[in-house]
Each structure stands twice: as structure tokens, then as C-alpha cells.
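Visitor: Structure file data.txt, compact mmCIF, C-alpha atoms, is pasted below:
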# COMPACT_ATOMS: atom_id res chain seq x y z
CA MET A 1 153.93 55.34 199.42
CA LEU A 2 157.23 56.23 201.09
CA SER A 3 157.63 54.62 204.50
CA LYS A 4 158.09 57.07 207.39
CA ARG A 5 160.99 55.01 208.73
CA TYR A 6 163.13 56.25 205.83
CA LEU A 7 162.38 59.93 206.41
CA LEU A 8 164.64 60.39 209.45
CA PRO A 9 167.76 58.77 207.89
CA ALA A 10 167.14 60.68 204.64
CA THR A 11 166.77 63.96 206.54
CA LEU A 12 169.89 63.38 208.63
CA GLY A 13 171.87 62.35 205.55
CA SER A 14 170.75 65.44 203.66
CA LEU A 15 171.71 67.61 206.64
CA MET A 16 175.18 66.03 206.69
CA LEU A 17 175.61 66.79 203.00
CA VAL A 18 174.69 70.42 203.68
CA LEU A 19 177.19 70.50 206.55
CA THR A 20 179.82 68.97 204.26
CA PHE A 21 179.37 71.80 201.78
CA ALA A 22 179.34 74.40 204.57
CA ARG A 23 182.55 72.99 206.07
CA SER A 24 184.21 73.13 202.64
CA LEU A 25 183.68 76.88 202.61
CA THR A 26 185.65 77.25 205.87
CA LEU A 27 188.69 75.15 204.93
CA SER A 28 192.02 76.74 205.79
CA LEU A 29 193.59 76.77 202.32
CA GLY A 30 192.68 78.38 199.01
CA THR A 31 190.49 81.22 197.80
CA PRO A 32 186.72 81.35 198.39
CA ILE A 33 186.22 80.16 194.80
CA ALA A 34 188.62 77.25 195.38
CA ARG A 35 186.85 76.24 198.60
CA THR A 36 183.47 76.46 196.85
CA THR A 37 184.86 74.19 194.12
CA VAL A 38 185.88 71.69 196.78
CA GLY A 39 182.37 71.82 198.28
CA LEU A 40 180.77 71.27 194.87
CA SER A 41 183.17 68.38 194.31
CA PHE A 42 181.90 66.73 197.49
CA MET A 43 178.32 67.19 196.32
CA ALA A 44 179.24 65.60 192.98
CA LEU A 45 180.80 62.64 194.83
CA GLY A 46 177.59 62.20 196.84
CA ALA A 47 175.57 62.26 193.62
CA LEU A 48 177.95 59.69 192.10
CA ALA A 49 177.47 57.38 195.08
CA LEU A 50 173.68 57.55 194.72
CA PHE A 51 173.91 57.02 190.96
CA LEU A 52 176.04 53.89 191.38
CA LEU A 53 173.54 52.49 193.88
CA TYR A 54 170.68 53.28 191.51
CA ARG A 55 172.61 51.63 188.67
CA GLU A 56 172.83 48.42 190.72
CA GLY A 57 169.06 48.34 191.13
CA ILE A 58 168.75 49.65 194.70
CA SER A 59 165.14 50.69 195.26
CA PHE A 60 164.19 54.36 195.74
CA ASP A 61 163.35 54.04 199.44
CA LYS A 62 166.72 52.34 200.07
CA LEU A 63 168.45 55.17 198.18
CA LEU A 64 166.93 57.60 200.67
CA LEU A 65 168.16 55.39 203.49
CA MET A 66 171.67 55.41 201.99
CA LEU A 67 171.79 59.20 202.20
CA LEU A 68 172.72 58.71 205.88
CA PRO A 69 175.97 56.70 205.44
CA ILE A 70 176.91 58.68 202.31
CA GLY A 71 176.38 61.99 204.12
CA ALA A 72 178.28 60.75 207.18
CA ALA A 73 181.17 59.44 205.07
CA LEU A 74 181.59 62.72 203.19
CA LEU A 75 181.24 64.85 206.33
CA ILE A 76 183.96 62.86 208.12
CA ARG A 77 186.23 63.22 205.11
CA VAL A 78 185.82 66.98 204.76
CA LEU A 79 186.61 67.37 208.47
CA LEU A 80 189.92 65.54 207.84
CA LEU A 81 190.77 67.40 204.65
CA ASP A 82 193.07 70.00 206.28
CA HIS A 83 195.25 67.38 207.99
CA VAL A 84 198.81 67.41 206.66
CA THR A 85 201.13 64.40 206.98
CA LEU A 86 204.86 64.06 206.46
CA ASP A 87 204.22 62.13 203.24
CA TYR A 88 202.44 65.17 201.82
CA GLN A 89 205.01 67.66 203.13
CA ASP A 90 208.09 65.74 202.05
CA PHE A 91 206.91 64.17 198.79
CA LEU A 92 203.47 64.78 197.27
CA SER A 93 203.42 68.58 197.62
CA LYS A 94 206.91 68.85 196.12
CA TRP A 95 205.99 66.63 193.18
CA VAL A 96 202.91 68.73 192.30
CA SER A 97 205.02 71.88 192.67
CA HIS A 98 207.54 70.46 190.21
CA PHE A 99 204.79 69.84 187.67
CA ARG A 100 203.37 73.34 188.16
CA GLN A 101 206.75 75.01 187.75
CA ASN A 102 207.82 72.95 184.75
CA GLY A 103 204.89 72.96 182.38
CA GLY A 104 202.49 70.42 183.88
CA PHE A 105 202.37 67.37 181.63
CA LEU A 106 205.57 68.50 179.92
CA ALA A 107 207.39 67.65 183.16
CA LEU A 108 206.41 63.97 182.89
CA LYS A 109 209.76 63.39 181.19
CA ASP A 110 211.57 64.33 184.41
CA PRO A 111 212.68 61.72 186.97
CA ILE A 112 210.20 62.81 189.63
CA GLY A 113 208.62 60.78 192.41
CA ASN A 114 208.61 57.05 193.07
CA TYR A 115 204.99 56.47 192.02
CA ASN A 116 203.89 54.85 188.79
CA VAL A 117 202.95 57.03 185.84
CA PRO A 118 199.11 56.90 186.14
CA TYR A 119 199.40 58.58 189.53
CA LEU A 120 201.84 61.11 188.09
CA TYR A 121 199.26 61.94 185.40
CA MET A 122 196.86 62.85 188.18
CA LEU A 123 199.45 65.04 189.92
CA ALA A 124 200.29 66.75 186.63
CA PHE A 125 196.58 67.41 186.03
CA LEU A 126 196.22 68.88 189.53
CA SER A 127 199.00 71.35 188.77
CA TYR A 128 196.62 73.14 186.35
CA LEU A 129 193.74 73.41 188.83
CA PRO A 130 193.11 76.44 191.07
CA ILE A 131 192.34 74.35 194.17
CA PRO A 132 195.05 73.63 196.79
CA ASP A 133 197.13 70.55 196.01
CA LEU A 134 196.32 68.98 199.39
CA TYR A 135 192.60 68.95 198.62
CA GLY A 136 193.01 67.79 195.03
CA ILE A 137 195.13 64.80 196.04
CA LYS A 138 192.67 63.80 198.72
CA LEU A 139 189.59 64.29 196.51
CA PHE A 140 191.13 61.93 193.96
CA SER A 141 191.42 59.24 196.63
CA ILE A 142 187.91 59.96 197.95
CA LEU A 143 186.55 59.42 194.44
CA PHE A 144 188.05 55.93 194.51
CA ASP A 145 186.70 55.37 198.04
CA ILE A 146 183.27 55.53 196.40
CA LEU A 147 184.34 53.26 193.55
CA LEU A 148 185.76 50.87 196.15
CA ALA A 149 182.37 50.72 197.88
CA TRP A 150 180.74 50.10 194.51
CA GLY A 151 183.18 47.29 193.76
CA GLY A 152 182.42 45.72 197.14
CA LEU A 153 178.68 45.94 196.46
CA ARG A 154 179.13 44.25 193.07
CA LEU A 155 181.10 41.42 194.67
CA VAL A 156 178.47 40.89 197.35
CA LYS A 157 175.85 40.49 194.60
CA HIS A 158 177.70 37.28 193.68
CA LEU A 159 177.69 36.04 197.27
CA THR A 160 174.10 36.77 198.31
CA THR A 161 170.79 37.73 196.76
CA GLN A 162 169.65 39.91 199.68
CA GLU A 163 169.47 43.61 198.83
CA THR A 164 170.14 44.54 202.45
CA HIS A 165 173.59 42.96 202.28
CA MET A 166 174.38 44.85 199.11
CA TYR A 167 173.74 48.39 200.30
CA SER A 168 175.12 47.61 203.77
CA THR A 169 178.42 46.64 202.07
CA PHE A 170 178.47 49.98 200.27
CA GLY A 171 177.97 51.87 203.53
CA ALA A 172 180.38 49.70 205.52
CA LEU A 173 183.23 50.24 203.06
CA LEU A 174 182.60 54.00 202.87
CA LEU A 175 182.81 54.22 206.67
CA LEU A 176 185.57 51.65 207.23
CA PRO A 177 188.18 53.49 209.37
CA THR A 178 191.19 52.40 207.30
CA VAL A 179 189.46 53.55 204.11
CA VAL A 180 188.50 56.90 205.66
CA LEU A 181 191.97 57.55 207.08
CA ASN A 182 193.94 56.33 204.08
CA GLY A 183 192.72 58.95 201.61
CA SER A 184 191.07 61.88 203.37
CA CYS A 185 193.48 62.05 206.31
CA TRP A 186 196.73 60.54 205.06
CA GLY A 187 196.42 61.53 201.39
CA GLN A 188 197.41 58.04 200.26
CA CYS A 189 195.92 56.29 197.23
CA ASP A 190 195.41 52.65 198.25
CA SER A 191 191.71 52.87 197.49
CA VAL A 192 192.65 53.47 193.83
CA TRP A 193 194.33 50.15 193.10
CA ALA A 194 192.10 48.28 195.58
CA ALA A 195 188.91 49.58 193.92
CA LEU A 196 190.24 48.53 190.51
CA CYS A 197 191.01 45.04 191.91
CA LEU A 198 187.49 44.67 193.33
CA LEU A 199 185.90 45.79 190.07
CA SER A 200 188.21 43.49 188.11
CA LEU A 201 187.21 40.51 190.26
CA SER A 202 183.51 41.31 189.95
CA GLN A 203 183.91 41.48 186.17
CA ALA A 204 185.65 38.11 186.20
CA LEU A 205 182.76 36.60 188.16
CA ASP A 206 180.43 38.08 185.53
CA ARG A 207 182.56 36.32 182.85
CA LYS A 208 183.55 39.70 181.37
CA GLN A 209 187.11 38.67 180.68
CA VAL A 210 188.55 41.59 178.73
CA SER A 211 187.29 44.26 181.13
CA SER A 212 188.48 42.16 184.08
CA MET A 213 192.03 41.95 182.76
CA SER A 214 191.97 45.63 181.76
CA LEU A 215 190.99 46.75 185.26
CA LEU A 216 193.58 44.44 186.82
CA ALA A 217 196.28 45.92 184.57
CA LEU A 218 195.20 49.42 185.60
CA ALA A 219 195.43 48.41 189.27
CA PHE A 220 198.96 47.08 188.76
CA SER A 221 199.92 50.19 186.78
CA PHE A 222 198.94 52.34 189.78
CA LYS A 223 200.57 50.28 192.52
CA LEU A 224 202.92 47.32 192.68
CA GLN A 225 200.97 46.03 195.71
CA ALA A 226 198.29 44.74 193.32
CA ILE A 227 200.72 41.88 192.70
CA PHE A 228 199.56 40.33 196.00
CA ILE A 229 196.24 39.29 194.44
CA LEU A 230 197.41 38.63 190.85
CA PRO A 231 197.70 34.82 191.38
CA LEU A 232 193.92 34.72 191.90
CA TRP A 233 193.48 35.11 188.15
CA CYS A 234 195.36 31.82 187.67
CA VAL A 235 192.57 30.21 189.69
CA ILE A 236 189.97 32.05 187.62
CA TRP A 237 191.64 30.60 184.52
CA PHE A 238 191.97 26.95 185.57
CA THR A 239 188.41 26.90 186.92
CA GLY A 240 187.17 27.76 183.43
CA ARG A 241 186.10 31.35 184.07
CA MET A 242 188.68 32.89 181.72
CA GLU A 243 190.39 31.92 178.48
CA PHE A 244 194.19 31.92 178.55
CA ARG A 245 194.43 34.21 175.53
CA LYS A 246 192.63 36.95 177.48
CA PHE A 247 195.71 37.27 179.69
CA PHE A 248 197.43 39.10 176.84
CA VAL A 249 195.07 42.00 177.49
CA PHE A 250 197.05 42.68 180.68
CA PRO A 251 200.40 43.63 179.08
CA PHE A 252 198.60 45.56 176.33
CA ILE A 253 196.72 47.78 178.81
CA PHE A 254 199.80 48.07 181.02
CA LEU A 255 201.87 49.34 178.08
CA LEU A 256 199.00 51.64 177.08
CA THR A 257 199.17 53.38 180.48
CA MET A 258 202.81 54.23 179.75
CA LEU A 259 202.08 55.77 176.36
CA PRO A 260 201.32 59.37 177.48
CA ALA A 261 204.52 59.51 179.53
CA LEU A 262 206.52 58.07 176.63
CA LEU A 263 205.02 60.65 174.26
CA PHE A 264 206.12 63.42 176.62
CA GLY A 265 209.67 62.07 176.51
CA LYS A 266 209.95 59.90 179.62
CA PRO A 267 212.37 56.99 179.06
CA ILE A 268 210.71 53.59 179.40
CA SER A 269 213.55 52.54 181.71
CA ASP A 270 212.52 55.28 184.19
CA ILE A 271 208.95 53.97 184.16
CA LEU A 272 209.87 50.33 184.70
CA ASN A 273 212.55 51.13 187.28
CA VAL A 274 209.81 52.42 189.59
CA TYR A 275 208.68 48.80 190.07
CA VAL A 276 212.24 47.63 190.64
CA ASP A 277 212.88 50.43 193.12
CA GLN A 278 209.63 49.75 195.00
CA ALA A 279 210.51 46.07 195.27
CA GLY A 280 214.09 46.58 196.35
CA SER A 281 214.64 50.01 197.90
CA SER A 282 213.30 49.01 201.33
CA ILE A 283 216.10 46.49 201.74
CA ALA A 284 218.54 49.33 202.30
CA TRP A 285 216.40 50.89 205.02
CA GLN A 286 216.74 50.56 208.75
CA THR A 287 214.25 47.89 209.67
CA VAL A 288 212.45 44.87 208.22
CA ASN A 289 209.07 46.26 209.28
CA TYR A 290 207.35 49.65 208.97
CA ASN A 291 204.40 49.62 211.39
CA SER A 292 203.07 46.59 209.50
CA PRO A 293 201.11 43.84 211.31
CA SER A 294 203.28 41.23 209.61
CA ILE A 295 205.23 38.33 211.05
CA PHE A 296 208.03 40.81 211.73
CA ALA A 297 205.76 42.71 214.13
CA LEU A 298 206.52 39.88 216.53
CA LEU A 299 210.16 41.01 216.65
CA PRO A 300 211.60 44.06 218.46
CA TYR A 301 211.37 47.28 216.45
CA LYS A 302 214.48 47.98 214.30
CA VAL A 303 216.00 44.70 215.42
CA GLN A 304 219.02 43.62 213.38
CA VAL A 305 218.08 40.28 211.84
CA ALA A 306 220.39 37.88 210.04
CA PRO A 307 220.38 38.52 206.26
CA TRP A 308 218.98 35.06 205.56
CA ILE A 309 215.78 35.68 207.54
CA PRO A 310 214.17 38.19 205.11
CA LYS A 311 215.19 35.94 202.22
CA ALA A 312 213.63 32.95 203.96
CA THR A 313 210.32 34.74 204.48
CA ILE A 314 210.27 35.87 200.84
CA PHE A 315 210.68 32.23 199.89
CA ALA A 316 207.94 31.34 202.40
CA ALA A 317 205.60 33.84 200.73
CA PHE A 318 206.36 32.21 197.37
CA LEU A 319 205.59 28.76 198.82
CA PHE A 320 202.41 30.14 200.38
CA VAL A 321 201.15 31.29 196.98
CA LEU A 322 202.06 27.95 195.40
CA ALA A 323 200.26 26.06 198.17
CA ILE A 324 197.11 28.16 197.68
CA LEU A 325 197.18 27.57 193.92
CA LEU A 326 197.73 23.84 194.39
CA LEU A 327 194.86 23.60 196.88
CA LEU A 328 192.51 25.42 194.52
CA PHE A 329 193.66 23.36 191.54
CA VAL A 330 193.04 20.07 193.32
CA HIS A 331 189.58 21.28 194.39
CA ARG A 332 188.90 23.28 191.21
CA CYS A 333 185.50 21.65 190.67
CA ALA A 334 184.44 22.92 194.10
CA VAL A 335 185.55 26.53 193.61
CA ASP A 336 182.57 28.88 193.72
CA ASP A 337 182.38 32.66 193.98
CA THR A 338 182.74 32.65 197.77
CA ALA A 339 185.89 30.51 197.50
CA LEU A 340 187.35 32.94 194.97
CA VAL A 341 186.76 35.97 197.20
CA LEU A 342 188.19 34.04 200.17
CA THR A 343 191.23 33.19 198.08
CA GLY A 344 191.67 36.85 197.19
CA ALA A 345 191.51 37.78 200.87
CA ALA A 346 193.96 35.01 201.84
CA LEU A 347 196.49 36.10 199.21
CA SER A 348 196.11 39.80 200.04
CA LEU A 349 196.73 39.10 203.74
CA GLY A 350 199.13 36.17 203.56
CA VAL A 351 201.70 37.53 201.12
CA PRO A 352 202.36 40.84 202.95
CA PHE A 353 202.18 39.03 206.29
CA LEU A 354 205.21 36.90 205.32
CA LEU A 355 207.19 39.48 203.35
CA PRO A 356 209.78 41.77 204.97
CA TYR A 357 209.89 45.57 204.55
CA MET A 358 206.10 45.91 204.52
CA HIS A 359 204.24 49.10 205.46
CA GLU A 360 201.05 49.40 207.48
CA ARG A 361 198.94 50.15 204.37
CA TYR A 362 199.81 46.97 202.49
CA PHE A 363 196.97 44.96 204.07
CA PHE A 364 194.38 47.40 202.70
CA LEU A 365 192.93 45.12 200.02
CA GLY A 366 192.83 42.02 202.22
CA GLY A 367 190.94 43.88 204.93
CA VAL A 368 188.44 45.25 202.41
CA LEU A 369 187.78 41.79 200.95
CA LEU A 370 187.13 40.41 204.44
CA VAL A 371 184.60 43.19 205.05
CA VAL A 372 182.89 42.24 201.78
CA LEU A 373 182.72 38.62 202.96
CA ALA A 374 181.48 39.67 206.41
CA CYS A 375 178.67 41.69 204.85
CA SER A 376 177.56 38.62 202.90
CA LYS A 377 177.89 36.06 205.71
CA LEU A 378 178.14 36.86 209.41
CA ARG A 379 180.63 34.06 210.11
CA PHE A 380 183.43 36.08 208.49
CA SER A 381 182.94 39.06 210.82
CA LEU A 382 185.61 38.22 213.39
CA SER A 383 188.22 37.76 210.66
CA ALA A 384 187.34 41.16 209.19
CA PHE A 385 187.34 42.80 212.63
CA GLY A 386 190.77 41.37 213.48
CA ALA A 387 192.33 42.54 210.21
CA GLU A 388 190.86 46.02 210.60
CA LEU A 389 192.12 46.40 214.18
CA ALA A 390 195.57 45.15 213.20
CA SER A 391 195.82 47.65 210.33
CA LEU A 392 194.45 50.50 212.45
CA GLY A 393 197.26 49.95 214.94
CA GLY A 394 199.80 50.58 212.20
CA TYR A 395 197.86 53.62 210.96
CA HIS A 396 197.85 55.02 214.50
CA ALA A 397 201.61 54.49 214.79
CA TYR A 398 202.21 56.55 211.63
CA LEU A 399 199.56 59.25 212.01
CA ALA A 400 200.09 59.81 215.75
CA ARG A 401 203.84 59.01 215.47
CA ARG A 402 203.67 56.70 218.45
CA TYR A 403 202.32 53.26 219.33
CA PHE A 404 198.93 53.00 220.99
CA LEU A 405 200.37 50.65 223.65
CA VAL A 406 203.93 51.60 224.54
CA LEU A 407 204.64 48.86 227.09
CA SER A 408 206.99 46.19 225.78
CA ILE A 409 208.04 42.63 226.45
CA PHE A 410 211.51 41.46 225.37
CA GLY A 411 211.77 44.60 223.24
CA VAL A 412 208.49 44.01 221.41
CA THR A 413 205.83 46.64 222.13
CA TRP A 414 202.41 45.37 223.13
CA ALA A 415 201.00 47.27 220.15
CA GLN A 416 203.23 45.47 217.66
CA LEU A 417 202.60 42.10 219.27
CA THR A 418 198.83 42.61 219.34
CA GLU A 419 198.72 43.75 215.71
CA GLY A 420 200.80 40.82 214.50
CA LEU A 421 198.71 38.28 216.41
CA LEU A 422 195.44 39.83 215.23
CA MET A 423 196.56 39.63 211.61
CA LEU A 424 197.75 36.07 212.13
CA PHE A 425 194.30 35.22 213.51
CA SER A 426 192.55 36.84 210.53
CA LEU A 427 194.81 35.07 208.04
CA SER A 428 194.47 31.69 209.76
CA SER A 429 190.69 31.94 210.04
CA THR A 430 190.43 33.00 206.38
CA LEU A 431 192.45 29.95 205.34
CA TRP A 432 190.24 27.77 207.54
CA PHE A 433 187.08 29.15 205.96
CA LEU A 434 188.56 28.57 202.52
CA TRP A 435 189.36 24.96 203.37
CA ARG A 436 185.87 24.41 204.78
CA GLU A 437 184.30 26.02 201.69
CA LEU A 438 186.24 23.76 199.33
CA SER A 439 185.74 20.62 201.43
CA SER A 440 181.98 21.08 201.79
CA LYS A 441 181.51 21.66 198.05
CA HIS A 442 183.83 18.75 197.19
CA LEU A 443 181.96 16.30 199.40
CA SER A 444 178.56 17.42 198.13
Now, as a test, write the supplied structure out as C-alpha cells.

Guide:
Amino acid sequence: MLSKRYLLPATLGSLMLVLTFARSLTLSLGTPIARTTVGLSFMALGALALFLLYREGISFDKLLLMLLPIGAALLIRVLLLDHVTLDYQDFLSKWVSHFRQNGGFLALKDPIGNYNVPYLYMLAFLSYLPIPDLYGIKLFSILFDILLAWGGLRLVKHLTTQETHMYSTFGALLLLPTVVLNGSCWGQCDSVWAALCLLSLSQALDRKQVSSMSLLALAFSFKLQAIFILPLWCVIWFTGRMEFRKFFVFPFIFLLTMLPALLFGKPISDILNVYVDQAGSSIAWQTVNYNSPSIFALLPYKVQVAPWIPKATIFAAFLFVLAILLLLFVHRCAVDDTALVLTGAALSLGVPFLLPYMHERYFFLGGVLLVVLACSKLRFSLSAFGAELASLGGYHAYLARRYFLVLSIFGVTWAQLTEGLLMLFSLSSTLWFLWRELSSKHLS
């Protein structure tokens, strides 16, 4: 017998899904058929979310309950779908136009864009579709928002046995402001590589080594920022959760992602240079920080720093990773699933916090992992909240093109200072929790 307490959330969620479809029909771009296609795409995404929950064993009454956050998440996203950012105007729209005007996939051989080839495949595919490019790009990211929530749910299953924590993680990640804004408002794709990282880690915890390395390679093939969490798989190896020979799956899958572009005539040097350019192009820009809540947020905006300072912080980031690996190696017998997820969060926050030339979006994965931890154990909530607020400040600076708090002290805006200190708090508390986790297991 279905409990009456689930009827209201299910009804409200269903109503939001109807409103999502109705709003799709009134979007500002495209033909009526194109807007209907967008609406049907949102309905398909809602069905996918419910299927993934069902696949993870969520009971029927809880599925009805989950209609509310799923409906709310999709309604918020369709309301943001018409928003156009400078990134779309100056880059993404022009890249899709190039594909459309030059034969779609045949244009893969051209030196277009500064994104890795898997993302270019998606843009080339969009050039054949009758829906507006803006909506297609955002729908691709929204698809991975749902996969991100699924990855978070699968990780939480390793941290707790309570079903409530599992579906609350799914809803929390779908409604997390940085996740919502990143794809459906900004048109960025950080949920793509982050979702693949979460799923890769959950596969590693399930001892599914080949699929774990395959997903990790896919994440890296989409975005260089996946490198922040790559050292975690060294820990997975020396704690006995992965055989060393399985690491060779990574370069195989990575090379496989290049194959379509190579077959269409793209030089391999053009593909690999994207990574080199992403790692080094920022050095020629105007500032060491781009709205990022990093250590450089504590300095005045566009301050001219001595050349050795960025080099020193890059070296500090390298030492930070080595210190984490050494700590985990010494306490390898005490490393459990919670310690691994904490390590992933520490790496994903700590490395971009120390590096120069970081953007506001580069803390995306670390913030998501902290939310996963907070949904499993309440004690991680403040760390997650701090990281989310810090990242949101950077998002606001880009999307609104101004800082939330414009007052300054010694040339440092209050917004920058607050964001940097919040991220420092989240990183420090994450490291503290990791140390406590390892110490308690070691002593027991």
C-alpha cells in the first residue's frame, strides 16, 4: 500500500516535469519542432534519472519521492536554457558553426577549438541536429549532471548502508548550485569529466579494475583537469585494490578516443598539443588567478607577482601530492573507502588551490566529492558548504561580471578574500578528517 506521505512530493514532481515540457515549448530559439524536441529530451532525462535510481535498488515509494528533486532540477535547468554567456558567444557557437559549414565530422581535421577531441565529437554531432546549438550544448552537460548524481549515489553506497543517504545524495548533486549553473546556465562541461571520475572511483571500490581505468581515461580525454585526482589511483594500487598491469588500460582507451579524429585526418600533434596549450597558455595571460578561490585569491586582482612565485606554488602542489601519497602509503593498512573518497576530495581541492592560473570551475570535482561525503556523514557538511560557497563566489564573478562584495582591503576585494579563506578552510578540514580517519583505523 502506497503511503500518503509520498503522494504530495510525487504530485509536485510530476507537475514540475509538465512545466518543464511546457517551458521548452516557449524557448526563444528554434522552430516549434526543435523546441518540442528539447522538451522531449528533458522528459527522457527525467526517465533516465528514475531508471538509474531503480537500477540501484531504490524502492518504488522512494522513486515517487524522488520525482520532486528530479522535477525541480529539470525545471530550474530549462528556465536557464536561454542564458547566453561570453564563452558561448566567443567560442562554442563559432566552433559548432565551423563544423556545420565544413561537413560536420569531416571538419575534425581542422585546427578548431582548444577542447579535447571527445568534446569536439559532440560539437560535430550537434552540427547535424535541427535544434539550436545553445540548447544542444547545454543538454549534453545536463545529461552528465544526471550521471554525476548517479556516480555520487554509487560512491555513497560504499560509505553507508542507509537508503536515505543514497537517494538524498542523488537529489543533492542534481540541485547543487555549482552543478546547476555550470551546465544549464554557463554551457560548460565540467560535469562530464567529473561524472566519469566519480563512476571510475566507484568501479575501483567495486574492484572492477578495467572499467575503472577506462572511465578514468575517458575523463582525462575530455578535460585535463581530471589530472588533479589521478594520483588517487596510485593509492588504490598500493592498497591492493588494483593490479599494476591494469594501468595499461588507461593509455589504450586514451589513444582509442583519438582514433575517430585521426581517421578524419587530424594530426596527432594537434590533438596532444591541446593538453600542452591548456597547461601553458594561461602563463601568458594577465593575471595568476581567474576568479578562482585559490591561494592567489588572497592577493590583489591582476597583481604583478615575481616570476618565481607561480613556479614555487607549482612545486608546492607537487610536494602536496607527494605528501598525500606518502601519508596514505605509510597508513595503507588503514585506508578504507571513506579515506579514499577523502583523499580524492583533498587532491581535487588542494592541487588547484596551490596552482597559479586557475579558473573558478576547477574546484568542481572537489566540491562534489565533499557533498558525497556530507551526505554519508554529517560531520563533513561544513567542509562541503565552505567549498560550495567559495566556488559560487567565482561563478558569480564570471556570470554577473562583478564581485559580490566590491569593498577591498589592501587591493584585495572582500569577495576574493572570503572565497580564498573558505576554500582554505574546506581543504584544511578535509585533510584533518583524512588524518583522523587514518589514525583511528591504524590504532584500532

Visitor: Between CA of Val368 (chain A) and CA of Leu198 (chain A), what is the distance in Å, rounded to a tenth?

Guide: 9.1 Å

Visitor: What is the CA of Arg332 (chain A)-CA of Pro231 (chain A) distance in Å, reported with one decimal?

Guide: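 So the answer is 14.5 Å.
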
Visitor: Name the residues within 6 Å of (190.7, 47.3, 206.0), counting only C-alpha atoms in the file's coordinates, and put them as a ChimeraX atom specification.

Guide: /A:178,364,367-368,388

Visitor: Can I get the selection written as a PDB file, in the coordinates of the input, with C-alpha atoms?

Guide:
ATOM      1  CA  THR A 178     191.190  52.400 207.300  1.00  0.00           C
ATOM      2  CA  PHE A 364     194.380  47.400 202.700  1.00  0.00           C
ATOM      3  CA  GLY A 367     190.940  43.880 204.930  1.00  0.00           C
ATOM      4  CA  VAL A 368     188.440  45.250 202.410  1.00  0.00           C
ATOM      5  CA  GLU A 388     190.860  46.020 210.600  1.00  0.00           C
TER       6      GLU A 388
END

Visitor: Would you compute the distance between CA of Leu205 (chain A) and CA of Leu175 (chain A)? Give it in Å to one decimal.

Guide: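 About the pair CA of Leu205 (chain A) and CA of Leu175 (chain A): they are 25.6 Å apart.
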
Visitor: Pick out the residues sitting within 9 Å of region 428-442 of chain A, and hand them over as a ChimeraX atom specification; count only C-alpha atoms, and ignore anything fewer than 6 positions along from it in its own chain.

Guide: /A:327-328,331-336,338-340,342-343,345-346,350,370,380,382-383

Visitor: When distances are computed from all atoms listed in the file, which of A:Ser41, A:Thr418, A:Asn291, A:Thr164 shows the smallest separation from Leu65 (chain A)?

Guide: A:Thr164

Visitor: Using all atoms listed in the file, which residue out of A:Cys375, A:Leu64, A:Ile227, A:Pro177 lies closest to Ala390 (chain A)?

Guide: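 Looking at the shortest contact to Ala390 (chain A), the residue is A:Pro177.
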
Visitor: Go through A:Gln304, A:Ser294, A:Ser59, A:Ser202 one by one, measure the shortest atom-to-atom distance of each to Gln416 (chain A) using all atoms listed in the file, and give the residue with the smallest value.

Guide: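 Checking each candidate against Gln416 (chain A), we get A:Ser294 as the closest.
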
Visitor: In terms of the shortest atom-to-atom distance over only C-alpha atoms, which of A:Asp87, A:Lys266, A:Pro32, A:Ile146 is closest to Phe51 (chain A)?

Guide: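 Closest residue, counting only C-alpha atoms: A:Ile146.
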
Visitor: Which protein, DNA or RNA residues are at most 9 Å from (206.3, 40.0, 214.3) in the file's coordinates when you count all atoms listed in the file, listed as a ChimeraX atom specification?

Guide: /A:289,292-300,412,416-417,419-421

Visitor: Have a look at A:Gly265, A:Gly152, A:Gly136, A:Pro69 and name the one nearest to Arg35 (chain A); count all atoms listed in the file.

Guide: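 Selected residue with least distance to Arg35 (chain A): A:Gly136.
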
Visitor: Ranking A:Phe315, A:Tyr395, A:Tyr135, A:Phe264 by minimum distance to Val78 (chain A) and counting all atoms listed in the file, which one comes first?

Guide: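 The answer is A:Tyr135, which sits nearest to Val78 (chain A).
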
Visitor: Identify, on the basis of only C-alpha atoms, every residue whose closest approach to Tyr398 (chain A) does not exceed 12 Å; exclude the query and any residue fewer than 4 positions from it along the same chain; express the result as a list in words.

Guide: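 The neighbour list is Thr85, Leu86, Asp87, Leu181, Asn182, Cys185, Trp186, Tyr290, Asn291, Ser292, His359, Glu360, Arg361, Ser391, Leu392, Gly393, Gly394, Arg402, Tyr403 and Phe404 of chain A.
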
Visitor: If you count all atoms listed in the file, which residues fall within 9 Å of Tyr362 (chain A), apart from same-chain ones fewer than 5 positions away, as a PDB file with C-alpha atoms, keeping the file's coordinate frame?

Guide:
ATOM      1  CA  ASP A 190     195.410  52.650 198.250  1.00  0.00           C
ATOM      2  CA  GLN A 225     200.970  46.030 195.710  1.00  0.00           C
ATOM      3  CA  SER A 292     203.070  46.590 209.500  1.00  0.00           C
ATOM      4  CA  SER A 348     196.110  39.800 200.040  1.00  0.00           C
ATOM      5  CA  LEU A 349     196.730  39.100 203.740  1.00  0.00           C
ATOM      6  CA  PRO A 352     202.360  40.840 202.950  1.00  0.00           C
ATOM      7  CA  SER A 391     195.820  47.650 210.330  1.00  0.00           C
TER       8      SER A 391
END

Visitor: Kindly write region 186-194 of chain A with N, CA, C and O atoms to a file, as a tab-separated table (two decimals), in the first residue's frame.

Guide:
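After the write, result.tsv holds the following:
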chain	number	residue	atom	x	y	z
A	186	TRP	N	25.81	28.25	-17.79
A	186	TRP	CA	27.09	28.63	-18.36
A	186	TRP	C	27.36	27.92	-19.69
A	186	TRP	O	28.06	28.43	-20.56
A	187	GLY	N	26.85	26.69	-19.82
A	187	GLY	CA	27.15	25.89	-21.00
A	187	GLY	C	28.49	25.21	-20.94
A	187	GLY	O	29.03	24.79	-21.96
A	188	GLN	N	29.06	25.10	-19.73
A	188	GLN	CA	30.33	24.42	-19.55
A	188	GLN	C	30.11	22.92	-19.40
A	188	GLN	O	28.96	22.45	-19.27
A	189	CYS	N	31.20	22.15	-19.37
A	189	CYS	CA	31.07	20.69	-19.39
A	189	CYS	C	31.81	20.01	-18.25
A	189	CYS	O	32.27	18.87	-18.39
A	190	ASP	N	31.96	20.69	-17.11
A	190	ASP	CA	32.72	20.09	-16.00
A	190	ASP	C	32.02	18.87	-15.40
A	190	ASP	O	32.67	18.02	-14.81
A	191	SER	N	30.71	18.79	-15.55
A	191	SER	CA	30.02	17.60	-15.05
A	191	SER	C	30.39	16.36	-15.85
A	191	SER	O	30.25	15.24	-15.37
A	192	VAL	N	30.89	16.54	-17.09
A	192	VAL	CA	31.24	15.39	-17.92
A	192	VAL	C	32.42	14.65	-17.33
A	192	VAL	O	32.33	13.46	-16.98
A	193	TRP	N	33.55	15.35	-17.18
A	193	TRP	CA	34.74	14.66	-16.66
A	193	TRP	C	34.58	14.31	-15.18
A	193	TRP	O	35.08	13.27	-14.73
A	194	ALA	N	33.85	15.14	-14.43
A	194	ALA	CA	33.65	14.85	-13.01
A	194	ALA	C	32.79	13.60	-12.82
A	194	ALA	O	33.07	12.76	-11.95
